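So this one's input_29.txt, compact mmCIF, C-alpha atoms:
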# COMPACT_ATOMS: atom_id res chain seq x y z
CA MET A 3 145.21 -163.94 91.44
CA ALA A 4 143.76 -166.11 88.68
CA ILE A 5 140.34 -167.49 89.52
CA THR A 6 140.16 -171.29 89.41
CA SER A 7 137.62 -173.77 90.72
CA GLN A 8 140.17 -175.11 93.20
CA ARG A 9 140.98 -171.67 94.57
CA GLU A 10 137.29 -170.82 94.76
CA GLN A 11 136.92 -173.59 97.34
CA ALA A 12 139.44 -171.88 99.62
CA PHE A 13 138.84 -168.17 98.95
CA ASP A 14 136.19 -165.65 98.06
CA PHE A 15 136.97 -163.57 94.98
CA SER A 16 136.01 -160.06 94.04
CA HIS A 17 134.62 -159.16 90.64
CA PRO A 18 137.26 -159.78 87.96
CA ILE A 19 139.71 -156.94 87.53
CA LEU A 20 141.45 -158.47 84.51
CA SER A 21 140.50 -160.90 81.79
CA ALA A 22 143.60 -162.08 80.02
CA GLY A 23 145.34 -165.09 78.62
CA LEU A 24 148.97 -166.06 78.64
CA GLN A 25 151.23 -164.91 75.84
CA VAL A 26 154.82 -165.24 74.67
CA MET A 27 157.45 -162.51 74.84
CA ALA A 28 160.54 -162.99 72.69
CA PRO A 29 163.34 -160.90 71.17
CA ALA A 30 162.20 -158.72 68.28
CA PRO A 31 163.71 -159.48 64.83
CA THR A 32 166.14 -156.57 65.17
CA ALA A 33 167.44 -158.03 68.43
CA GLN A 34 167.88 -161.56 67.24
CA SER A 35 171.57 -161.18 66.49
CA ARG A 36 172.52 -160.35 70.08
CA TYR A 37 173.86 -163.86 70.61
CA PRO A 38 175.04 -164.92 67.12
CA MET A 39 177.68 -167.39 68.28
CA ARG A 40 175.24 -169.21 70.55
CA GLU A 41 172.73 -169.37 67.72
CA ILE A 42 175.31 -170.82 65.33
CA LEU A 43 176.40 -173.39 67.93
CA SER A 44 172.80 -174.41 68.51
CA ARG A 45 172.45 -175.09 64.77
CA ILE A 46 175.73 -177.02 64.60
CA LEU A 47 174.55 -179.13 67.53
CA SER A 48 171.17 -179.85 65.96
CA PRO A 49 170.18 -183.53 66.34
CA GLU A 50 170.50 -184.31 62.63
CA LEU A 51 174.01 -182.87 62.27
CA VAL A 52 175.14 -184.46 65.54
CA ARG A 53 173.92 -187.88 64.38
CA LEU A 54 175.73 -187.45 61.08
CA SER A 55 178.98 -186.47 62.80
CA ALA A 56 178.72 -189.38 65.25
CA MET A 57 178.17 -191.83 62.39
CA VAL A 58 181.19 -190.49 60.49
CA GLY A 59 183.24 -190.60 63.69
CA LEU A 60 182.49 -194.30 64.16
CA LEU A 61 183.08 -194.98 60.48
CA MET A 62 186.47 -193.32 60.84
CA LEU A 63 187.70 -196.26 62.93
CA ILE A 64 187.58 -198.59 59.91
CA PRO A 65 189.99 -196.77 57.56
CA ALA A 66 192.21 -195.88 60.51
CA HIS A 67 192.71 -199.56 61.41
CA VAL A 68 193.17 -200.59 57.77
CA LEU A 69 195.77 -197.87 57.25
CA TRP A 70 197.61 -198.78 60.43
CA TYR A 71 197.71 -202.46 59.51
CA PHE A 72 198.98 -202.01 55.94
CA GLU A 73 201.17 -198.93 56.45
CA ARG A 74 202.79 -199.68 59.81
CA ASN A 75 205.87 -201.38 58.31
CA ASN A 76 206.36 -198.92 55.47
CA LYS A 77 209.25 -196.63 56.36
CA GLU A 78 207.98 -193.87 54.06
CA SER A 79 204.44 -193.97 55.48
CA MET A 80 202.84 -191.39 57.73
CA ILE A 81 202.49 -194.17 60.35
CA GLU A 82 205.76 -193.67 62.18
CA ASN A 83 205.24 -196.34 64.84
CA ALA A 84 204.48 -199.97 63.98
CA SER A 85 203.02 -200.76 67.41
CA TYR A 86 199.27 -200.42 67.94
CA PHE A 87 199.84 -197.61 70.40
CA PRO A 88 200.58 -194.93 69.33
CA GLY A 89 200.37 -196.08 65.71
CA ILE A 90 196.57 -196.21 65.68
CA PHE A 91 196.40 -192.64 66.96
CA GLN A 92 198.59 -191.50 64.08
CA ALA A 93 196.24 -193.28 61.68
CA LEU A 94 193.19 -191.72 63.32
CA TRP A 95 194.76 -188.28 63.13
CA TRP A 96 195.39 -188.77 59.42
CA THR A 97 191.76 -189.79 58.82
CA VAL A 98 190.59 -186.64 60.62
CA LEU A 99 192.83 -184.42 58.50
CA ALA A 100 191.83 -186.22 55.31
CA LEU A 101 188.16 -185.83 56.20
CA VAL A 102 188.49 -182.04 56.14
CA GLY A 103 190.95 -181.98 53.24
CA GLN A 104 194.03 -181.05 55.28
CA ALA A 105 196.13 -184.23 55.04
CA ASP A 106 199.62 -183.62 53.61
CA ASP A 107 201.20 -187.08 53.73
CA MET A 108 199.58 -189.88 51.78
CA PRO A 109 199.73 -193.68 52.23
CA GLN A 110 202.45 -195.40 50.21
CA GLY A 111 201.09 -198.94 49.82
CA PRO A 112 198.44 -199.91 47.23
CA VAL A 113 195.84 -200.81 49.85
CA GLY A 114 196.52 -197.61 51.76
CA LYS A 115 196.11 -195.55 48.59
CA LEU A 116 192.75 -197.16 47.84
CA VAL A 117 191.58 -196.51 51.39
CA ALA A 118 192.79 -192.91 51.16
CA LEU A 119 190.94 -192.40 47.87
CA PHE A 120 187.74 -193.79 49.39
CA TRP A 121 188.10 -191.68 52.53
CA VAL A 122 188.71 -188.47 50.59
CA PHE A 123 185.41 -189.03 48.75
CA VAL A 124 183.69 -189.65 52.11
CA GLY A 125 185.15 -186.37 53.38
CA ILE A 126 183.86 -184.45 50.36
CA ILE A 127 180.36 -185.89 50.81
CA TYR A 128 180.39 -185.26 54.56
CA LEU A 129 181.56 -181.65 54.31
CA THR A 130 179.09 -180.93 51.50
CA TYR A 131 176.16 -182.36 53.46
CA PHE A 132 177.23 -180.73 56.74
CA THR A 133 177.70 -177.31 55.13
CA ALA A 134 174.40 -177.55 53.25
CA GLY A 135 172.54 -178.63 56.38
CA LEU A 136 174.01 -175.84 58.49
CA THR A 137 173.34 -173.24 55.79
CA ALA A 138 169.73 -174.41 55.45
CA GLU A 139 169.21 -174.24 59.22
CA LEU A 140 170.55 -170.69 59.44
CA THR A 141 168.73 -169.51 56.31
CA VAL A 142 165.33 -170.80 57.45
CA GLN A 143 165.88 -169.28 60.88
CA GLU A 144 166.79 -165.92 59.32
CA ILE A 145 163.70 -165.92 57.10
CA GLN A 146 161.20 -167.04 59.73
CA GLY A 147 162.66 -165.26 62.73
CA HIS A 148 163.41 -166.85 66.06
CA ILE A 149 159.99 -167.18 67.63
CA GLN A 150 156.69 -166.32 66.00
CA THR A 151 154.15 -168.70 67.55
CA LEU A 152 153.75 -170.90 70.59
CA THR A 153 154.90 -173.98 68.68
CA ASP A 154 158.24 -172.28 67.99
CA LEU A 155 159.05 -172.75 71.69
CA GLN A 156 159.64 -176.47 71.19
CA ASN A 157 163.30 -177.31 71.90
CA ARG A 158 163.85 -173.80 73.29
CA SER A 159 164.47 -172.58 76.81
CA VAL A 160 161.43 -170.84 78.26
CA ALA A 161 160.80 -168.87 81.45
CA LEU A 162 157.33 -169.25 82.96
CA VAL A 163 155.80 -167.19 85.73
CA ALA A 164 154.77 -169.98 88.09
CA ASP A 165 151.47 -171.46 86.94
CA GLU A 166 150.80 -175.20 87.16
CA GLY A 167 147.99 -175.03 84.62
CA ALA A 168 150.22 -173.24 82.14
CA LEU A 169 153.05 -175.71 82.76
CA GLU A 170 150.78 -178.65 81.97
CA TYR A 171 149.54 -176.89 78.84
CA LEU A 172 153.09 -176.26 77.62
CA GLU A 173 154.02 -179.90 78.22
CA VAL A 174 151.06 -181.00 76.10
CA GLN A 175 152.41 -178.72 73.36
CA ASN A 176 155.77 -180.55 73.65
CA ILE A 177 157.43 -177.51 75.22
CA ARG A 178 159.55 -179.05 77.95
CA GLN A 179 162.58 -176.81 78.51
CA VAL A 180 160.65 -174.68 81.00
CA THR A 181 162.00 -172.93 84.09
CA GLN A 182 159.37 -171.64 86.52
CA PHE A 183 159.86 -168.40 88.43
CA SER A 184 157.80 -167.36 91.42
CA GLN A 185 158.47 -163.66 90.76
CA PRO A 186 157.67 -162.07 87.37
CA GLU A 187 160.68 -159.76 87.70
CA ALA A 188 163.02 -162.76 88.01
CA ALA A 189 161.51 -164.37 84.91
CA TYR A 190 161.93 -161.15 82.92
CA ALA A 191 165.50 -160.75 84.19
CA ALA A 192 166.32 -164.26 82.94
CA LEU A 193 165.03 -163.29 79.49
CA ALA A 194 166.94 -160.01 79.48
CA ALA A 195 170.15 -161.80 80.51
CA GLY A 196 169.82 -164.31 77.68
CA GLU A 197 169.41 -167.24 80.09
CA VAL A 198 166.17 -168.21 78.32
CA GLU A 199 164.89 -167.57 74.80
CA ALA A 200 161.30 -166.62 75.63
CA LEU A 201 159.00 -165.67 78.49
CA VAL A 202 155.46 -166.97 79.01
CA ALA A 203 153.31 -164.89 81.36
CA PRO A 204 149.88 -163.19 81.56
CA ARG A 205 149.48 -160.73 78.69
CA PRO A 206 149.00 -157.60 80.91
CA LEU A 207 152.24 -158.40 82.71
CA LEU A 208 154.10 -158.64 79.41
CA LEU A 209 152.50 -155.39 78.23
CA TYR A 210 153.77 -153.75 81.41
CA PHE A 211 157.33 -154.95 80.79
CA ALA A 212 157.18 -153.86 77.14
CA LEU A 213 155.93 -150.39 78.12
CA HIS A 214 158.22 -149.72 81.06
CA GLU A 215 161.41 -151.30 79.67
CA PRO A 216 161.71 -149.39 76.38
CA ASP A 217 165.47 -149.94 76.08
CA VAL A 218 165.01 -153.70 75.69
CA ASP A 219 163.87 -154.82 72.24
CA TYR A 220 161.23 -157.48 72.89
CA GLN A 221 157.84 -158.13 71.37
CA LEU A 222 154.72 -160.13 72.14
CA VAL A 223 154.25 -162.91 69.61
CA GLY A 224 151.45 -165.32 68.78
CA THR A 225 147.95 -165.13 70.17
CA PRO A 226 146.96 -165.31 73.85
CA PHE A 227 146.02 -168.73 75.19
CA LEU A 228 144.50 -170.13 78.39
CA ASP A 229 142.28 -167.10 79.03
CA GLN A 230 141.68 -166.53 82.74
CA PHE A 231 139.95 -164.04 85.02
CA TYR A 232 142.02 -162.30 87.69
CA ALA A 233 140.54 -160.91 90.89
CA PHE A 234 141.30 -160.06 94.50
CA ALA A 235 141.27 -163.13 96.76
CA MET A 236 139.89 -162.81 100.29
CA PRO A 237 139.05 -165.14 103.16
CA GLU A 238 135.60 -166.65 102.90
CA ASP A 239 132.79 -164.39 104.13
CA SER A 240 135.15 -161.41 104.19
CA PRO A 241 133.38 -158.15 105.10
CA TYR A 242 135.53 -156.36 102.52
CA ARG A 243 134.20 -158.23 99.53
CA ASP A 244 131.11 -156.08 98.88
CA PRO A 245 132.91 -152.71 99.28
CA ILE A 246 135.69 -153.90 96.95
CA ASN A 247 133.17 -155.08 94.36
CA GLN A 248 131.34 -151.76 94.57
CA ALA A 249 134.61 -149.87 94.06
CA ILE A 250 135.54 -152.01 91.04
CA LEU A 251 132.16 -151.39 89.40
CA THR A 252 132.43 -147.65 90.05
CA LEU A 253 135.91 -147.49 88.49
CA ARG A 254 134.65 -149.30 85.41
CA GLU A 255 131.57 -147.11 85.04
CA ASN A 256 133.32 -143.74 85.36
CA GLY A 257 136.22 -144.66 83.04
CA THR A 258 138.92 -144.63 85.71
CA TYR A 259 139.61 -148.34 85.19
CA THR A 260 140.35 -147.76 81.49
CA GLU A 261 142.67 -144.85 82.31
CA ILE A 262 144.60 -146.94 84.83
CA TYR A 263 144.88 -149.85 82.41
CA ARG A 264 146.22 -147.62 79.63
CA LYS A 265 148.73 -146.00 81.97
CA TRP A 266 150.30 -149.25 83.15
CA PHE A 267 149.83 -151.52 80.13
CA GLY A 268 149.83 -149.11 77.19
CA ALA A 269 146.70 -150.64 75.64
CA ASP A 270 142.93 -150.71 76.02
CA PRO A 271 141.47 -153.34 78.35

This structure in structure tokens:
Amino acid sequence: MAITSQREQAFDFSHPILSAGLQVMAPAPTAQSRYPMREILSRILSPELVRLSAMVGLLMLIPAHVLWYFERNNKESMIENASYFPGIFQALWWTVLALVGQADDMPQGPVGKLVALFWVFVGIIYLTYFTAGLTAELTVQEIQGHIQTLTDLQNRSVALVADEGALEYLEVQNIRQVTQFSQPEAAYAALAAGEVEALVAPRPLLLYFALHEPDVDYQLVGTPFLDQFYAFAMPEDSPYRDPINQAILTLRENGTYTEIYRKWFGADP
């Protein structure tokens, strides 16, 4: 258990058995293409591209109404029904097709032709900007990798082994898509299943997962943060405290502690 001033008021602690901060575990670069479609969709649905598409969608109502009004009585027009319904839907459908360069029929009246010319230019600009924005998003992501530092967790789904102090720290860092798990195994399972994009937990715990789950391609990224001491918690005035402390010191002095740490975490303490 992590030693905190609040817990110290309720428990007695042994000598520290671990000194470690929290760290981030994320897919390694070679594993980043496991969910390509979801990654592409996340880029398409980026706030900037969504705002652009919404603006164009609202703007689409203007040429659609102009076309319906001036083309509704033209027998050779693509507006087959002069009434507002379903005539306006036919006009809207034409504006959608024209936006992506797929419209076959063209307006017949002079006003309709001017509107069509204007809307085709809007479509060219929109598709150019949208394609460039999406390409830039994917290119930058490919160069930089998915997650390299703690700040890369902003706007990403994160699993956190339950820790109120860590949750508050992540919120201060503007990392808000956090799901807390009471059991470390459940948090790791969520990462392995692709339900979250990263896992935040004590560094030794992540080292354990990395060592004992060799078939899963994950890596520890960034530097540890929120360093804490971990120790055995006991009731106050417990008679076991001194023997436990003596055993911990003995294990450290004779090298057994280092051997145990290397066995389970694959690194030096």

For Leu119 of chain A, please output as a PyMOL selection string all residues within 12 Å (counting all atoms listed in the file; exclusion window: fewer than 6 positions along the same chain). chain A and resi 65+69+97+100-101+103+108-109+112-113+125-126

Mind pulling up the distance from atom CA of Leu51 of chain A to atom CA of Gly114 of chain A?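 One can read the atom CA of Gly114 of chain A to atom CA of Leu51 of chain A distance as 28.9 Å.
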
Residue contacts of segment 230-242 of chain A (10 Å, only C-alpha atoms) excluding same-chain residues fewer than 6 positions away, as a compact mmCIF listing (two decimals) with C-alpha atoms, in the coordinates of the input:
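Contents of selection_12.txt, as written:
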# COMPACT_ATOMS: atom_id res chain seq x y z
CA MET A 3 145.21 -163.94 91.44
CA ALA A 4 143.76 -166.11 88.68
CA ILE A 5 140.34 -167.49 89.52
CA THR A 6 140.16 -171.29 89.41
CA ARG A 9 140.98 -171.67 94.57
CA GLU A 10 137.29 -170.82 94.76
CA GLN A 11 136.92 -173.59 97.34
CA ALA A 12 139.44 -171.88 99.62
CA PHE A 13 138.84 -168.17 98.95
CA ASP A 14 136.19 -165.65 98.06
CA PHE A 15 136.97 -163.57 94.98
CA SER A 16 136.01 -160.06 94.04
CA HIS A 17 134.62 -159.16 90.64
CA PRO A 18 137.26 -159.78 87.96
CA ILE A 19 139.71 -156.94 87.53
CA LEU A 20 141.45 -158.47 84.51
CA SER A 21 140.50 -160.90 81.79
CA ALA A 22 143.60 -162.08 80.02
CA GLY A 23 145.34 -165.09 78.62
CA LEU A 24 148.97 -166.06 78.64
CA PRO A 204 149.88 -163.19 81.56

Which residues come within 12 Å of Leu253 of chain A, counting all atoms listed in the file, excluding same-chain residues fewer than 5 positions away, as a PyMOL selection string? chain A and resi 17+19+246-248+258-263

Proximity to Ile81 of chain A - best of A:Tyr128, A:Leu54, A:Gln110, A:Leu63, only C-alpha atoms: A:Gln110

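Residues with any atom within 7 Å of segment 187-199 of chain A, counting all atoms listed in the file and excluding same-chain neighbours fewer than 4 positions away, are A:Ala28, A:Arg158, A:Ser159, A:Val160, A:Ala161, A:Leu162, A:Val163, A:Phe183.
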
Cut-off 10 Å around (148.6, -159.0, 79.0) with all atoms listed in the file: residues as a ChimeraX atom specification: /A:20-26,203-211,222,226,267,269,271

For the selection you just gave me, I'd like the residues written to a file as a JSON list (two decimals), keeping the file's coordinate frame, keeping C-alpha atoms.
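And here's result_2.json as it stands now:
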[["chain", "number", "residue", "atom", "x", "y", "z"],
["A", 20, "LEU", "CA", 141.45, -158.47, 84.51],
["A", 21, "SER", "CA", 140.50, -160.90, 81.79],
["A", 22, "ALA", "CA", 143.60, -162.08, 80.02],
["A", 23, "GLY", "CA", 145.34, -165.09, 78.62],
["A", 24, "LEU", "CA", 148.97, -166.06, 78.64],
["A", 25, "GLN", "CA", 151.23, -164.91, 75.84],
["A", 26, "VAL", "CA", 154.82, -165.24, 74.67],
["A", 203, "ALA", "CA", 153.31, -164.89, 81.36],
["A", 204, "PRO", "CA", 149.88, -163.19, 81.56],
["A", 205, "ARG", "CA", 149.48, -160.73, 78.69],
["A", 206, "PRO", "CA", 149.00, -157.60, 80.91],
["A", 207, "LEU", "CA", 152.24, -158.40, 82.71],
["A", 208, "LEU", "CA", 154.10, -158.64, 79.41],
["A", 209, "LEU", "CA", 152.50, -155.39, 78.23],
["A", 210, "TYR", "CA", 153.77, -153.75, 81.41],
["A", 211, "PHE", "CA", 157.33, -154.95, 80.79],
["A", 222, "LEU", "CA", 154.72, -160.13, 72.14],
["A", 226, "PRO", "CA", 146.96, -165.31, 73.85],
["A", 267, "PHE", "CA", 149.83, -151.52, 80.13],
["A", 269, "ALA", "CA", 146.70, -150.64, 75.64],
["A", 271, "PRO", "CA", 141.47, -153.34, 78.35]]

Please measure the separation of atom CA of Arg178 of chain A and atom CA of Asn157 of chain A, giving the value in Å to one decimal. 7.3 Å

Interatomic distance, atom CA of Leu60 of chain A to atom CA of Ala84 of chain A (Å, one decimal):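 Computing the Euclidean distance for atom CA of Leu60 of chain A and atom CA of Ala84 of chain A yields 22.7 Å.
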
Which residue, A:Gly167, A:Gly111, A:Pro88, A:Pro29, has the smallest gap to Leu228 of chain A when you use all atoms listed in the file?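 Closest to Leu228 of chain A, using all atoms listed in the file: A:Gly167.
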
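Using all atoms listed in the file, every residue with an atom at most 12 Å from the point (201.8, -186.8, 56.1) is listed here: A:Glu78, A:Ser79, A:Met80, A:Ile81, A:Glu82, A:Gln92, A:Ala93, A:Trp95, A:Trp96, A:Thr97, A:Leu99, A:Ala100, A:Gln104, A:Ala105, A:Asp106, A:Asp107, A:Met108, A:Pro109, A:Gln110, A:Ala118.
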
Rank A:Gly268, A:Thr225, A:Ile177, A:Val98 by their smallest atom-to-atom distance to Leu61 of chain A, using all atoms listed in the file, and report the top residue only. A:Val98

Using all atoms listed in the file, which of A:Ala138, A:Val58, A:Ala200, A:Ile90 sits nearest Val102 of chain A?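 Smallest separation from Val102 of chain A among the options: A:Val58.
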